[in-house]
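Let me begin by presenting the structure, written as structure tokens, before commenting on it.
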Amino acid sequence: MPQGVIKYEADTGPMAYALKFFSKTISRADGHRCPMYPSCSAYSAEAFEKHGFVKGWILTSDRLLRCGRDEKRLSETIFINYQPHVYDPLSRNDFWWSHP
Amino acid sequence: MSAFIKHAAAALASLMLLLFNLPAAASAGQVVQVDAREQFGYAESLYAGGDYLLAAGEYKRFEYLFPDHDSAETAAFKVGMCYLKAGRYPDAIASFKDCMRRYPEGRHYHASHFKISGAYVASGQTGAAIATLQNLVVVAEDVDVRDEARYRMGWIYIGMAQWEKAQEAFAHISAENSGAYRCRELSARLAEEEKEIPRKSPKLAGSLALLPGGGYLYCGRYQDALAAFFVNGGLIWAAYEAFDNELYALGSVITFVEIGFYAGSIYGSVASAHKYNRRNERRWIERLRQQLKVKLAARYENRGVELSFNYTF
């Protein structure tokens, strides 16, 4: 794994299996194309792990709606494996109600 | 037999020669004596060159070799500085605390408090940073030190967007230092922050998002608004068509997905308003810092300690 890349492992629940299936099968075949960092699947896994199924599902849907659009203009760009990505971690989207 | 005795005598003579020469060869290397000034100077040169972790080791060596030297306290303080500069905040805090414990009457005692507070801020522990400064306000006899602690506390509160607490901290600065710290201007600006910082209402954003995309539109996220409108609109239409054609299983799956996206767009709208507000608060604070923050390093120039610090939150 490249330095600075965060790997999230939601290891329980049906969503964990769905996300693992997506990352290990679909994403590998389709290619890693998410312009955000962490990627939508990693973001989703973290959201499910941190907030449970209902909030995780809502946060995932919100992220999918925002992926690669206005966030590009509003958030800073970081480089992962020399590729530009929009930095949008979960902590920037749940800071106003969630405390670590 | 005589040949054997001759060989044995020669071997014994060679062995003796070797044994007697060994200590001489071993002591032929140079002996370097390092005095306190050179040891401290070497540590300082590493520090000046940015080799902070090596410098920390050399300052520790100085403390070990010259524990009674006048600069031993400075060396202990500089160990903390090295860790602070290297970004190793827990080690820095531990070193400064150690310095304070060993030299409670020392010249770096107050500076150690400030540095501990700065390290806490840098590591995101603003509560501990404020507690350290509050403790200093209680124990310090020097009014200048107390005022500086309050001033730093005020800026930490500003960083946390706790404007009233910041104003309170600045208000407690003594009259003699109030002008130097520009307290009146700071308080005036803090009182005006509500007018100066453009904000969006999260409640209004959430309400507008009942029509998908409305909340994003209100927050200036036009592409997100369009995406939310079409994705939600498309899924609602698809669910309607599925139920209308008596495809209940398909309709249920689409409805389940749509509920997530609908709730997600409301959530995202509220979050966007909060992010908008936070972004503008940060910009405002940065401007305030550039315009009004006093550089504290100058006040302690003659004490040989840099007391300025920057932080993000």
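Labels for the structure tokens follow display order: chains A, B, ..., residues from 1 in each chain, ligands from 1.
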
Near Ile173 of chain B, counting only C-alpha atoms, which residues have an atom at most 9 Å away, once you skip same-chain residues fewer than 6 positions from it, shown as a list of chain:residue names?
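Everything that qualifies: B:Val143, B:Arg146, B:Asp147, B:Glu148, B:Arg150, B:Tyr151, B:Tyr181, B:Cys183.
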
Resulting file, chosen residues, C-alpha atoms, as a CSV table (one decimal), in the first residue's frame:
chain,number,residue,atom,x,y,z
B,143,VAL,CA,1.9,40.2,35.3
B,146,ARG,CA,-0.1,36.2,33.1
B,147,ASP,CA,-1.1,38.6,30.3
B,148,GLU,CA,0.7,36.6,27.7
B,150,ARG,CA,-4.4,35.1,28.6
B,151,TYR,CA,-3.6,36.5,25.2
B,181,TYR,CA,-1.8,43.4,22.7
B,183,CYS,CA,-7.1,44.2,23.0

Please return, as number ranges by chain, all residues of chain B lying within 8 Å of chain A when only C-alpha atoms are considered.
B: 221-224, 227-228, 260-261, 263-265, 267-268, 271, 274-275

Nearest to Leu288 of chain B, chosen from B:Tyr89, B:Phe40, B:Tyr59, B:Trp155, with only C-alpha atoms counted in the distances:
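Between B:Tyr89, B:Phe40, B:Tyr59, B:Trp155, the residue approaching Leu288 of chain B most closely is B:Trp155.
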
For atom CA of Ala273 of chain B and atom CA of Ala42 of chain A, determine how far apart the two atoms are, in Å to one decimal place.
24.1 Å

Smallest atom-to-atom distance to Pro89 of chain A: which of A:Ser27, A:Gly52, A:Pro14, A:Pro38, using only C-alpha atoms?
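Among A:Ser27, A:Gly52, A:Pro14, A:Pro38, it is A:Pro38 that comes nearest to Pro89 of chain A.
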
Write out as a list in words the residues lying within 9 Å of Cys82 of chain B, counting only C-alpha atoms and excluding same-chain residues fewer than 5 positions away.
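Near neighbours after the sequence-gap exclusion: Tyr47, Gly50, Asp51, Tyr52, Leu53, Leu54, Ala55, Ala56, Phe77, Gly87, Arg88 and Ala92 of chain B.
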